[in-house]
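Structure data (compact mmCIF, C-alpha atoms) from entry_5.txt:
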```txt
# COMPACT_ATOMS: atom_id res chain seq x y z
CA MET A 26 0.00 0.00 0.00
CA ASP A 27 2.86 2.35 0.86
CA THR A 28 4.40 1.66 -2.55
CA GLU A 29 1.15 2.51 -4.31
CA LEU A 30 0.82 5.67 -2.23
CA ASP A 31 4.39 6.71 -3.05
CA ARG A 32 3.68 6.22 -6.75
CA ILE A 33 0.76 8.62 -6.50
CA SER A 34 2.76 11.06 -4.38
CA SER A 35 5.55 11.13 -6.94
CA LEU A 36 3.26 12.31 -9.71
CA PRO A 37 3.83 15.85 -11.02
CA GLY A 38 2.18 18.58 -8.99
CA HIS A 39 -0.26 19.61 -11.71
CA VAL A 40 -1.46 15.99 -12.03
CA LEU A 41 -2.08 15.78 -8.28
CA ASP A 42 -3.98 19.08 -8.46
CA GLN A 43 -6.15 17.65 -11.22
CA ILE A 44 -6.89 14.53 -9.18
CA LEU A 45 -7.86 16.60 -6.16
CA SER A 46 -9.96 18.98 -8.23
CA VAL A 47 -12.35 16.21 -9.37
CA LEU A 48 -12.92 14.92 -5.83
CA PRO A 49 -15.77 16.21 -3.66
CA ILE A 50 -14.31 18.75 -1.23
CA ARG A 51 -15.00 16.33 1.65
CA ASP A 52 -12.79 13.63 0.08
CA ALA A 53 -10.15 16.13 -1.00
CA VAL A 54 -9.73 17.32 2.59
CA LYS A 55 -9.53 13.71 3.82
CA THR A 56 -6.38 13.16 1.73
CA SER A 57 -4.52 15.19 4.37
CA SER A 58 -4.48 12.03 6.52
CA LEU A 59 -2.62 9.94 3.91
CA SER A 60 0.83 11.19 4.79
CA SER A 61 2.74 14.32 5.74
CA LYS A 62 3.27 15.03 2.02
CA TRP A 63 -0.47 15.15 1.50
CA ARG A 64 -1.38 17.13 4.62
CA TYR A 65 -2.02 20.45 2.92
CA LYS A 66 -2.06 19.57 -0.77
CA TRP A 67 -5.85 20.00 -0.85
CA SER A 68 -5.47 23.57 0.39
CA HIS A 69 -4.20 24.65 -3.03
CA ILE A 70 -7.29 23.47 -4.92
CA PRO A 71 -8.44 26.44 -7.03
CA HIS A 72 -12.02 25.14 -7.38
CA LEU A 73 -14.19 24.88 -4.25
CA VAL A 74 -17.62 23.27 -4.57
CA PHE A 75 -19.88 23.02 -1.53
CA ASP A 76 -22.90 20.95 -2.52
CA THR A 77 -24.77 17.96 -1.10
CA GLN A 78 -21.61 15.84 -1.43
CA CYS A 79 -19.50 18.11 0.76
CA ALA A 80 -20.92 16.76 4.00
CA SER A 81 -23.04 13.90 5.27
CA ILE A 82 -25.66 15.48 7.53
CA THR A 83 -28.39 13.19 8.83
CA SER A 84 -30.09 15.64 11.18
CA GLU A 85 -33.39 17.20 10.12
CA ASP A 86 -32.94 20.12 12.49
CA GLN A 87 -32.31 23.24 10.39
CA THR A 88 -30.06 24.84 12.98
CA THR A 89 -27.86 21.73 13.19
CA VAL A 90 -27.60 21.56 9.41
CA LYS A 91 -26.74 25.24 9.16
CA ASN A 92 -24.08 25.08 11.88
CA LYS A 93 -22.46 22.01 10.33
CA LEU A 94 -22.28 23.54 6.84
CA VAL A 95 -20.99 26.88 8.12
CA SER A 96 -18.31 25.09 10.14
CA ILE A 97 -17.15 23.10 7.10
CA ILE A 98 -16.96 26.12 4.80
CA ASP A 99 -15.24 28.27 7.44
CA HIS A 100 -12.69 25.50 8.03
CA VAL A 101 -11.89 25.12 4.33
CA LEU A 102 -11.57 28.86 3.69
CA LEU A 103 -9.42 29.34 6.80
CA LEU A 104 -6.88 26.69 5.76
CA HIS A 105 -7.01 27.31 2.03
CA ASN A 106 -3.77 28.67 0.64
CA GLY A 107 -3.76 30.05 -2.88
CA PRO A 108 -6.17 31.54 -5.42
CA ILE A 109 -9.81 30.44 -5.55
CA TYR A 110 -10.86 30.59 -9.19
CA LYS A 111 -14.23 28.86 -8.72
CA PHE A 112 -16.55 28.99 -5.72
CA LYS A 113 -19.86 27.14 -5.81
CA LEU A 114 -22.32 26.95 -2.93
CA SER A 115 -25.36 24.82 -3.70
CA HIS A 116 -26.51 22.71 -0.77
CA ARG A 117 -30.18 21.79 -0.74
CA ASP A 118 -30.48 22.36 3.03
CA LEU A 119 -28.80 25.75 3.22
CA LEU A 120 -30.83 28.90 3.73
CA GLY A 121 -29.66 32.41 2.90
CA VAL A 122 -27.67 32.88 6.10
CA SER A 123 -25.62 35.96 6.96
CA ASP A 124 -22.43 33.87 6.93
CA ILE A 125 -22.60 33.93 3.13
CA ASP A 126 -21.87 37.65 3.30
CA ARG A 127 -18.56 36.90 5.03
CA TRP A 128 -17.56 34.33 2.44
CA ILE A 129 -18.39 36.65 -0.45
CA LEU A 130 -16.39 39.44 1.17
CA HIS A 131 -13.44 37.07 1.54
CA LEU A 132 -13.68 36.03 -2.11
CA SER A 133 -13.98 39.62 -3.32
CA ARG A 134 -10.43 40.25 -2.15
CA GLY A 135 -9.07 37.46 -4.34
CA SER A 136 -9.20 36.48 -8.00
CA THR A 137 -12.42 34.48 -8.26
CA LYS A 138 -13.43 33.91 -11.88
CA GLU A 139 -16.49 31.72 -11.41
CA PHE A 140 -19.09 32.25 -8.69
CA VAL A 141 -22.21 30.09 -8.27
CA LEU A 142 -24.70 30.61 -5.45
CA GLU A 143 -27.89 28.55 -5.27
CA ILE A 144 -30.19 29.04 -2.27
CA TRP A 145 -32.69 26.21 -2.43
CA LYS A 146 -34.77 27.08 0.63
CA GLY A 147 -36.34 30.15 2.16
CA GLN A 148 -36.86 33.65 0.84
CA ARG A 149 -34.67 35.50 -1.64
CA TYR A 150 -31.14 36.02 -0.35
CA ARG A 151 -30.08 39.65 -0.66
CA LEU A 152 -26.60 39.77 -2.12
CA PRO A 153 -24.07 42.01 -0.36
CA SER A 154 -22.65 44.93 -2.32
CA CYS A 155 -19.15 43.41 -2.20
CA LEU A 156 -20.22 40.82 -4.79
CA PHE A 157 -20.28 43.60 -7.37
CA SER A 158 -16.59 44.32 -6.73
CA PHE A 159 -15.36 41.00 -8.17
CA GLU A 160 -12.92 42.28 -10.79
CA ASN A 161 -11.99 38.97 -12.45
CA LEU A 162 -15.43 37.37 -12.65
CA ILE A 163 -16.07 35.46 -15.89
CA HIS A 164 -19.09 33.34 -14.93
CA LEU A 165 -21.85 34.32 -12.48
CA GLU A 166 -24.75 32.03 -11.58
CA LEU A 167 -27.40 32.93 -9.00
CA PHE A 168 -30.53 31.10 -7.80
CA ASN A 169 -33.15 32.55 -5.42
CA CYS A 170 -31.34 35.84 -4.88
CA LEU A 171 -32.21 39.53 -4.70
CA LEU A 172 -29.86 41.78 -6.66
CA LYS A 173 -29.42 45.47 -5.96
CA PRO A 174 -26.12 46.70 -7.44
CA PRO A 175 -24.66 49.76 -5.71
CA SER A 176 -24.87 53.08 -7.54
CA ALA A 177 -21.10 53.04 -8.08
CA PHE A 178 -21.23 49.68 -9.89
CA LYS A 179 -19.50 49.97 -13.28
CA GLY A 180 -20.12 46.41 -14.45
CA PHE A 181 -18.14 43.19 -14.53
CA ARG A 182 -15.53 43.99 -17.15
CA ASN A 183 -14.55 40.33 -17.73
CA LEU A 184 -17.94 38.64 -17.37
CA LYS A 185 -18.82 36.33 -20.27
CA SER A 186 -21.58 34.16 -18.82
CA LEU A 187 -24.53 35.20 -16.62
CA HIS A 188 -27.20 32.78 -15.36
CA LEU A 189 -30.02 34.19 -13.20
CA GLN A 190 -32.86 31.99 -11.97
CA HIS A 191 -35.61 32.85 -9.48
CA VAL A 192 -34.17 36.30 -8.92
CA THR A 193 -35.58 39.70 -8.04
CA LEU A 194 -34.16 42.94 -9.42
CA SER A 195 -35.43 46.19 -10.84
CA LEU A 196 -35.65 46.90 -14.54
CA GLU A 197 -33.06 49.66 -14.24
CA ALA A 198 -30.66 47.37 -12.37
CA PHE A 199 -31.08 44.66 -15.00
CA GLU A 200 -30.46 46.96 -17.96
CA ASN A 201 -27.42 48.51 -16.29
CA LEU A 202 -26.04 45.09 -15.41
CA ILE A 203 -26.33 43.81 -18.98
CA SER A 204 -25.14 46.95 -20.77
CA ARG A 205 -22.14 47.37 -18.47
CA CYS A 206 -20.80 43.86 -19.05
CA ALA A 207 -19.28 44.52 -22.47
CA LEU A 208 -17.82 41.03 -22.94
CA LEU A 209 -21.02 39.13 -22.06
CA GLU A 210 -21.54 36.20 -24.44
CA ARG A 211 -24.17 34.01 -22.69
CA LEU A 212 -27.25 35.20 -20.80
CA THR A 213 -29.84 32.95 -19.15
CA LEU A 214 -32.77 34.47 -17.27
CA MET A 215 -35.47 32.27 -15.71
CA ASN A 216 -38.41 32.95 -13.38
CA PHE A 217 -37.72 36.51 -12.32
CA ASP A 218 -39.53 39.29 -10.46
CA GLY A 219 -39.42 43.02 -11.15
CA LEU A 220 -38.96 42.87 -14.93
CA THR A 221 -41.66 43.49 -17.52
CA HIS A 222 -39.95 44.91 -20.62
CA LEU A 223 -36.67 43.14 -21.25
CA LYS A 224 -34.21 45.28 -23.19
CA ILE A 225 -31.09 43.36 -24.18
CA ASN A 226 -28.13 45.57 -25.07
CA ALA A 227 -25.02 43.40 -25.35
CA PRO A 228 -22.65 43.77 -28.31
CA ASN A 229 -20.87 40.42 -27.75
CA LEU A 230 -23.90 38.33 -26.78
CA GLN A 231 -24.11 35.02 -28.66
CA PHE A 232 -26.55 32.96 -26.55
CA PHE A 233 -29.78 34.18 -24.94
CA ASP A 234 -32.33 32.08 -23.04
CA VAL A 235 -35.26 33.63 -21.15
CA GLY A 236 -38.29 32.06 -19.53
CA GLY A 237 -40.83 33.80 -17.33
CA VAL A 238 -43.69 36.28 -17.22
CA PHE A 239 -43.05 39.56 -19.02
CA ASP A 240 -44.63 41.95 -21.52
CA ASP A 241 -41.98 42.29 -24.19
CA VAL A 242 -38.41 41.54 -25.27
CA SER A 243 -36.33 43.87 -27.42
CA PHE A 244 -32.80 43.65 -28.71
CA GLU A 245 -30.32 46.44 -29.28
CA ASN A 246 -26.73 46.15 -30.43
CA THR A 247 -26.92 42.33 -30.55
CA LEU A 248 -25.55 41.64 -34.01
CA LEU A 249 -23.51 38.63 -32.86
CA LEU A 250 -26.44 36.79 -31.29
CA THR A 251 -26.85 33.32 -32.85
CA GLN A 252 -28.97 31.29 -30.39
CA VAL A 253 -32.21 32.61 -28.90
CA THR A 254 -34.79 30.85 -26.73
CA ILE A 255 -37.80 32.80 -25.45
CA ALA A 256 -40.55 31.20 -23.36
CA LEU A 257 -43.47 33.29 -22.12
CA TYR A 258 -45.13 31.30 -19.34
CA GLU A 259 -48.33 33.33 -18.98
CA ASN A 260 -51.07 33.35 -21.58
CA VAL A 261 -51.60 36.61 -23.44
CA LYS A 262 -55.10 37.99 -23.02
CA ASN A 263 -56.84 37.96 -26.37
CA ASP A 264 -59.27 40.79 -25.66
CA GLN A 265 -60.96 41.90 -28.86
CA ASN A 266 -61.75 45.27 -27.27
CA VAL A 267 -58.06 46.09 -26.79
CA CYS A 268 -56.48 47.81 -29.77
CA ARG A 269 -53.49 46.04 -31.24
CA ARG A 270 -50.22 47.88 -31.59
CA SER A 271 -49.99 49.73 -34.88
CA SER A 272 -46.30 48.89 -35.11
CA SER A 273 -45.08 45.34 -35.63
CA LYS A 274 -43.52 43.45 -32.74
CA LEU A 275 -42.22 40.94 -35.25
CA LEU A 276 -40.31 43.57 -37.23
CA SER A 277 -38.77 45.14 -34.12
CA PHE A 278 -37.88 41.68 -32.82
CA PHE A 279 -36.21 40.79 -36.11
CA VAL A 280 -34.10 43.85 -36.88
CA ASN A 281 -31.27 43.27 -34.38
CA LEU A 282 -30.93 39.53 -34.96
CA PRO A 283 -29.42 39.35 -38.46
CA HIS A 284 -27.17 36.33 -37.85
CA ILE A 285 -29.35 34.11 -35.69
CA ARG A 286 -28.91 30.36 -36.31
CA ARG A 287 -31.19 28.69 -33.75
CA LEU A 288 -34.51 30.14 -32.60
CA LYS A 289 -37.01 28.79 -30.05
CA LEU A 290 -40.29 30.63 -29.40
CA HIS A 291 -42.05 28.65 -26.70
CA ASN A 292 -45.21 28.64 -24.61
CA TYR A 293 -47.10 31.87 -25.43
CA PHE A 294 -44.45 34.08 -26.98
CA LEU A 295 -45.67 33.56 -30.54
CA LYS A 296 -49.07 34.77 -29.38
CA ASN A 297 -47.33 37.80 -27.88
CA LEU A 298 -45.78 38.62 -31.27
CA ALA A 299 -49.22 38.28 -32.86
CA MET A 300 -50.69 41.05 -30.68
CA SER A 301 -49.58 43.75 -33.15
CA LYS A 302 -49.53 44.47 -36.85
CA ILE A 303 -48.38 41.36 -38.72
CA PRO A 304 -46.38 41.99 -41.91
CA SER A 305 -46.92 39.78 -44.93
CA THR A 306 -43.18 39.28 -45.14
CA LEU A 307 -40.02 40.42 -43.39
CA PRO A 308 -37.81 43.01 -45.14
CA LYS A 309 -34.83 40.68 -45.16
CA SER A 310 -34.43 36.91 -44.89
CA TRP A 311 -32.82 35.14 -41.97
CA VAL A 312 -30.32 33.33 -44.17
CA ASP A 313 -28.26 31.92 -41.27
CA LEU A 314 -31.20 30.37 -39.42
CA ASN A 315 -31.09 26.57 -39.71
CA TYR A 316 -33.30 25.50 -36.78
CA ILE A 317 -36.59 26.85 -35.47
CA SER A 318 -38.91 25.56 -32.73
CA ILE A 319 -42.27 27.19 -32.02
CA HIS A 320 -45.28 26.55 -29.78
CA ILE A 321 -48.47 27.53 -31.58
CA ASN A 322 -52.23 27.47 -31.53
CA PHE A 323 -52.81 26.48 -35.16
CA ASN A 324 -56.43 27.59 -34.94
CA ASP A 325 -55.48 31.17 -34.10
CA PHE A 326 -55.23 33.01 -37.41
CA GLU A 327 -52.85 35.70 -36.10
CA GLU A 328 -50.48 33.17 -34.58
CA SER A 329 -50.46 31.12 -37.76
CA SER A 330 -49.82 34.29 -39.75
CA VAL A 331 -46.78 35.11 -37.62
CA ALA A 332 -45.47 31.55 -38.01
CA PHE A 333 -46.09 31.68 -41.77
CA CYS A 334 -44.24 35.00 -42.05
CA LEU A 335 -41.30 33.63 -40.04
CA LEU A 336 -40.98 30.42 -42.03
CA LYS A 337 -41.13 32.24 -45.36
CA SER A 338 -38.20 34.37 -44.18
CA CYS A 339 -35.95 31.41 -43.37
CA PRO A 340 -34.95 29.82 -46.70
CA ASN A 341 -32.05 27.79 -45.26
CA LEU A 342 -33.86 25.96 -42.50
CA GLN A 343 -32.71 22.39 -41.94
CA GLU A 344 -34.99 21.46 -39.03
CA ILE A 345 -38.42 22.65 -37.90
CA GLU A 346 -40.23 21.74 -34.69
CA MET A 347 -43.82 22.83 -34.08
CA LEU A 348 -45.76 22.02 -30.92
CA GLY A 349 -49.46 22.75 -30.82
CA ARG A 350 -51.06 24.03 -27.65
CA PRO A 351 -53.96 21.56 -27.38
CA GLU A 352 -55.45 23.32 -24.35
CA GLU A 353 -56.36 26.23 -26.65
CA GLN A 354 -57.30 24.41 -29.81
CA ALA A 355 -61.02 24.40 -29.04
CA VAL A 356 -61.11 28.03 -27.87
CA VAL A 357 -60.89 29.59 -31.31
CA LYS A 358 -62.94 28.46 -34.27
CA PRO A 359 -60.73 26.52 -36.72
CA LEU A 360 -59.58 28.77 -39.53
CA THR A 361 -58.29 28.24 -43.04
CA GLY A 362 -56.45 30.35 -45.55
CA CYS A 363 -53.17 31.13 -43.83
CA TRP A 364 -51.26 28.09 -45.10
CA GLY A 365 -53.23 27.68 -48.31
CA ASP A 366 -50.98 29.82 -50.52
CA ASP A 367 -49.46 27.41 -53.05
CA ASN A 368 -47.15 29.91 -54.77
CA TRP A 369 -44.01 29.06 -52.76
CA LYS A 370 -42.60 26.11 -54.66
CA SER A 371 -39.46 24.62 -53.10
CA LEU A 372 -39.30 27.36 -50.50
CA PHE A 373 -37.23 25.22 -48.10
CA GLY A 374 -34.35 23.99 -50.22
CA GLN A 375 -32.36 22.59 -47.28
CA LEU A 376 -35.08 21.38 -44.92
CA ARG A 377 -34.46 17.76 -43.91
CA GLN A 378 -36.40 17.15 -40.73
CA VAL A 379 -39.79 18.30 -39.41
CA LYS A 380 -41.38 17.43 -36.08
CA ILE A 381 -45.01 18.33 -35.37
CA ALA A 382 -46.76 17.41 -32.12
CA GLY A 383 -49.83 18.26 -30.07
CA ILE A 384 -52.26 18.49 -32.99
CA SER A 385 -55.81 17.17 -33.39
CA GLY A 386 -56.22 17.07 -37.16
CA THR A 387 -57.98 20.39 -37.75
CA ARG A 388 -57.97 21.95 -41.20
CA SER A 389 -55.44 24.63 -40.26
CA GLU A 390 -53.02 22.03 -38.86
CA LEU A 391 -53.31 19.87 -41.95
CA ASP A 392 -52.81 22.90 -44.20
CA CYS A 393 -49.55 23.64 -42.40
CA ILE A 394 -48.33 20.05 -42.85
CA LYS A 395 -49.33 20.14 -46.51
CA PHE A 396 -47.49 23.44 -46.97
CA LEU A 397 -44.27 22.04 -45.49
CA LEU A 398 -44.41 18.77 -47.46
CA SER A 399 -45.02 20.51 -50.78
CA ASN A 400 -42.22 23.06 -50.32
CA SER A 401 -39.35 20.87 -49.07
CA PRO A 402 -37.63 19.08 -51.98
CA VAL A 403 -34.90 17.43 -49.87
CA LEU A 404 -37.03 16.55 -46.83
CA GLU A 405 -35.99 13.24 -45.30
CA GLN A 406 -38.37 12.79 -42.39
CA MET A 407 -41.50 14.30 -40.90
CA THR A 408 -42.82 12.97 -37.59
CA VAL A 409 -46.38 13.74 -36.51
CA ARG A 410 -47.60 13.11 -32.97
CA PRO A 411 -51.22 14.06 -32.14
CA ALA A 412 -52.32 15.42 -28.78
CA PRO A 413 -53.48 12.90 -26.17
CA ASN A 414 -57.00 11.53 -26.61
CA GLU A 415 -57.17 12.58 -30.25
CA GLY A 416 -58.25 10.05 -32.87
CA GLY A 417 -55.45 9.11 -35.22
CA LEU A 418 -57.04 7.16 -38.08
CA GLU A 419 -58.48 10.12 -39.95
CA LEU A 420 -55.25 12.06 -39.45
CA VAL A 421 -53.23 9.22 -40.96
CA LYS A 422 -55.57 9.10 -43.99
CA GLU A 423 -55.07 12.81 -44.57
CA LEU A 424 -51.29 12.58 -44.26
CA LEU A 425 -51.11 9.81 -46.84
CA ARG A 426 -52.98 11.97 -49.35
CA PHE A 427 -50.58 14.93 -49.30
CA ARG A 428 -48.16 15.44 -52.17
CA ARG A 429 -44.49 15.44 -51.18
CA ALA A 430 -41.92 17.53 -53.02
CA SER A 431 -39.20 15.13 -51.85
CA ILE A 432 -39.30 11.56 -53.11
CA LEU A 433 -37.26 10.56 -50.06
CA ALA A 434 -39.61 12.09 -47.51
CA GLU A 435 -40.78 9.65 -44.85
CA VAL A 436 -43.87 10.64 -42.87
CA ILE A 437 -44.00 8.88 -39.51
CA TYR A 438 -47.14 8.86 -37.37
CA MET A 439 -46.37 8.50 -33.69
CA GLU A 440 -48.82 7.49 -31.00
CA PRO A 441 -49.73 10.24 -28.48
```

Starting from the file, give its structure as structure tokens.
Amino acid sequence: MDTELDRISSLPGHVLDQILSVLPIRDAVKTSSLSSKWRYKWSHIPHLVFDTQCASITSEDQTTVKNKLVSIIDHVLLLHNGPIYKFKLSHRDLLGVSDIDRWILHLSRGSTKEFVLEIWKGQRYRLPSCLFSFENLIHLELFNCLLKPPSAFKGFRNLKSLHLQHVTLSLEAFENLISRCALLERLTLMNFDGLTHLKINAPNLQFFDVGGVFDDVSFENTLLLTQVTIALYENVKNDQNVCRRSSSKLLSFFVNLPHIRRLKLHNYFLKNLAMSKIPSTLPKSWVDLNYISIHINFNDFEESSVAFCLLKSCPNLQEIEMLGRPEEQAVVKPLTGCWGDDNWKSLFGQLRQVKIAGISGTRSELDCIKFLLSNSPVLEQMTVRPAPNEGGLELVKELLRFRRASILAEVIYMEP
């Protein structure tokens, strides 16, 4: 055993650091008992992760759990010797205790590049102002936190990735945070409070993913953005007495996304885009877009018109996914005419795969399928999955009747 241990101990320092870095912090600290050579090797680990593996706590008493976790983290930080490039605190039993303020203050004096804080229990944890003084931060991830940057905050000059989930912050704080992080490349925003109109101003942004309840999303100075996912969780009120916007949400949404490659419009966001003037076509095609995924009520004429306008503007699509919202399909009287235009021969010259789900076989849904089949000369596969409890025989008969522009196209009916 001693020989085996000596072999490990004789490995180069960077190899030992790599071994220690993949161990849970609890096991890394335990290596100090192997020999005198190993006593403080763990203390140079640059990545500290305190999650459910960092300690085995069997007590259900919240105070006992809190005291144990605080003791462990204090012990590690006290004995740690060297830079801490990554700090992650994500223990399912930890509340937003004041001790976190001390740890953040300690880290703010170092060179932390990646900071992850996930508070799984209790109310929003209010972040201390010292968090906003991290000068070397590249990745920031927060869960169940309240953000209020100080007035003197000038942004994270090195930040490239920002992930905010279940957070509360003001609209002004959000816009300042995004616009003052000039190098930001990835932004994820989920389940937030305090934001209604999301204005994204980020010249280096490449990836954007938002999901929550809001009124609008607009982009400014986002010419490098290539991947966009937008999910609006709350249904848009379709009040016929409310005047629609005279300007087009679709046009304003489109103008600052010239190089987008992947687009997902989920839940009710397509309906949100339909609550304004809908153009017959966009002024310029999205030539780089190769994948699109949309959630749609096929029986809503305005939603179908928005989807039709979008698809016509994406000549280089390779994959399309469309998910019907079956809970709304019976609300609006089935409509025809939107997909019936047959003057777009071979519109999708690169489309190879189509997935359609959540449909019930209404005329508008079938017209959409017919439109895609007749305008996709290199289509390889289309899968169709109806909504639960919908009869499939008549749908299959209709699908078999449709002309296919591609002789290789395989239409697959899948059970709900």

Taking 2 positions as the minimum chain separation for residues in the same chain, which residues sit within 8 Å of Leu307 (chain A) when counting only C-alpha atoms? Answer as a PyMOL selection string.
chain A and resi 276+304-305+309-310+334-335+338

What does the structure give for the distance between CA of Asn414 (chain A) and CA of Arg426 (chain A), in Å to one decimal?
23.1 Å

Residues within 6 Å of region 101-112 of chain A, please, as number ranges by chain. Count all atoms listed in the file; anything in the same chain fewer than 5 positions from it doesn't count.
A: 68-69, 71-74, 137-140

Between CA of Pro283 (chain A) and CA of Ser399 (chain A), measure the distance and give it in Å to one decimal.
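Pair CA of Pro283 (chain A) / CA of Ser399 (chain A) returns 27.4 Å.
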
Counting all atoms listed in the file, which residues come within 12 Å of (-21.0, 40.5, -6.9), with the point read in the file's coordinates, and could you list them as a PDB file with C-alpha atoms, in the coordinates of the input?
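So result_12.pdb came out as:
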```pdb
ATOM      1  CA  ASP A 126     -21.870  37.650   3.300  1.00  0.00           C
ATOM      2  CA  TRP A 128     -17.560  34.330   2.440  1.00  0.00           C
ATOM      3  CA  ILE A 129     -18.390  36.650  -0.450  1.00  0.00           C
ATOM      4  CA  LEU A 130     -16.390  39.440   1.170  1.00  0.00           C
ATOM      5  CA  HIS A 131     -13.440  37.070   1.540  1.00  0.00           C
ATOM      6  CA  LEU A 132     -13.680  36.030  -2.110  1.00  0.00           C
ATOM      7  CA  SER A 133     -13.980  39.620  -3.320  1.00  0.00           C
ATOM      8  CA  ARG A 134     -10.430  40.250  -2.150  1.00  0.00           C
ATOM      9  CA  THR A 137     -12.420  34.480  -8.260  1.00  0.00           C
ATOM     10  CA  LYS A 138     -13.430  33.910 -11.880  1.00  0.00           C
ATOM     11  CA  GLU A 139     -16.490  31.720 -11.410  1.00  0.00           C
ATOM     12  CA  PHE A 140     -19.090  32.250  -8.690  1.00  0.00           C
ATOM     13  CA  VAL A 141     -22.210  30.090  -8.270  1.00  0.00           C
ATOM     14  CA  LEU A 142     -24.700  30.610  -5.450  1.00  0.00           C
ATOM     15  CA  ARG A 151     -30.080  39.650  -0.660  1.00  0.00           C
ATOM     16  CA  LEU A 152     -26.600  39.770  -2.120  1.00  0.00           C
ATOM     17  CA  PRO A 153     -24.070  42.010  -0.360  1.00  0.00           C
ATOM     18  CA  SER A 154     -22.650  44.930  -2.320  1.00  0.00           C
ATOM     19  CA  CYS A 155     -19.150  43.410  -2.200  1.00  0.00           C
ATOM     20  CA  LEU A 156     -20.220  40.820  -4.790  1.00  0.00           C
ATOM     21  CA  PHE A 157     -20.280  43.600  -7.370  1.00  0.00           C
ATOM     22  CA  SER A 158     -16.590  44.320  -6.730  1.00  0.00           C
ATOM     23  CA  PHE A 159     -15.360  41.000  -8.170  1.00  0.00           C
ATOM     24  CA  GLU A 160     -12.920  42.280 -10.790  1.00  0.00           C
ATOM     25  CA  ASN A 161     -11.990  38.970 -12.450  1.00  0.00           C
ATOM     26  CA  LEU A 162     -15.430  37.370 -12.650  1.00  0.00           C
ATOM     27  CA  ILE A 163     -16.070  35.460 -15.890  1.00  0.00           C
ATOM     28  CA  HIS A 164     -19.090  33.340 -14.930  1.00  0.00           C
ATOM     29  CA  LEU A 165     -21.850  34.320 -12.480  1.00  0.00           C
ATOM     30  CA  GLU A 166     -24.750  32.030 -11.580  1.00  0.00           C
ATOM     31  CA  LEU A 167     -27.400  32.930  -9.000  1.00  0.00           C
ATOM     32  CA  CYS A 170     -31.340  35.840  -4.880  1.00  0.00           C
ATOM     33  CA  LEU A 171     -32.210  39.530  -4.700  1.00  0.00           C
ATOM     34  CA  LEU A 172     -29.860  41.780  -6.660  1.00  0.00           C
ATOM     35  CA  LYS A 173     -29.420  45.470  -5.960  1.00  0.00           C
ATOM     36  CA  PRO A 174     -26.120  46.700  -7.440  1.00  0.00           C
ATOM     37  CA  PRO A 175     -24.660  49.760  -5.710  1.00  0.00           C
ATOM     38  CA  PHE A 178     -21.230  49.680  -9.890  1.00  0.00           C
ATOM     39  CA  LYS A 179     -19.500  49.970 -13.280  1.00  0.00           C
ATOM     40  CA  GLY A 180     -20.120  46.410 -14.450  1.00  0.00           C
ATOM     41  CA  PHE A 181     -18.140  43.190 -14.530  1.00  0.00           C
ATOM     42  CA  LEU A 184     -17.940  38.640 -17.370  1.00  0.00           C
ATOM     43  CA  LEU A 187     -24.530  35.200 -16.620  1.00  0.00           C
ATOM     44  CA  LEU A 202     -26.040  45.090 -15.410  1.00  0.00           C
TER      45      LEU A 202
END
```

Within 7 Å of Tyr293 (chain A) using all atoms listed in the file, minus same-chain residues under 6 positions, as a ChimeraX atom specification
/A:256-261

Could the residues in this selection be saved with C-alpha atoms as a compact mmCIF listing (two decimals), in the frame of the given file?
```txt
# COMPACT_ATOMS: atom_id res chain seq x y z
CA ALA A 256 -40.55 31.20 -23.36
CA LEU A 257 -43.47 33.29 -22.12
CA TYR A 258 -45.13 31.30 -19.34
CA GLU A 259 -48.33 33.33 -18.98
CA ASN A 260 -51.07 33.35 -21.58
CA VAL A 261 -51.60 36.61 -23.44
```

For Leu404 (chain A), the nearest of the candidates A:Val280, A:Leu119, A:Ile345, A:Leu314, counting all atoms listed in the file
A:Ile345

At a cut-off of 10 Å, using all atoms listed in the file, what residues contact Asn292 (chain A)? Leave out same-chain residues fewer than 4 positions from it and give the result as JSON, numbers by chain.
{"A": [236, 237, 255, 256, 257, 258, 259, 260, 296, 297, 319, 320, 321, 322, 348, 349, 350]}

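Counting from CA of Thr247 (chain A), the distance to CA of Pro228 (chain A) is 5.0 Å.
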
Could you give me, as a ChimeraX atom specification, the residues within 7 Å of Arg211 (chain A), counting all atoms listed in the file and dropping anything in the same chain fewer than 5 positions from it?
/A:185-187,230-233

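The residue that comes closest to Asp241 (chain A), out of A:Ile384, A:Ala412, A:Ile50, A:Ile225 and on the basis of only C-alpha atoms, is A:Ile225.
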
Around the point (-38.7, 30.3, -39.9) (coordinates from the file), which residues reach within 10 Å if we count all atoms listed in the file? Answer as JSON, numbers by chain.
{"A": [287, 288, 310, 311, 312, 314, 315, 316, 317, 318, 319, 331, 332, 333, 334, 335, 336, 337, 338, 339, 340, 341, 342, 344, 345, 373]}

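With all atoms listed in the file as the atoms that count, the residue of A:Ala227, A:Leu114, A:Ile97, A:Val379 with the shortest distance to Ala207 (chain A) is A:Ala227.
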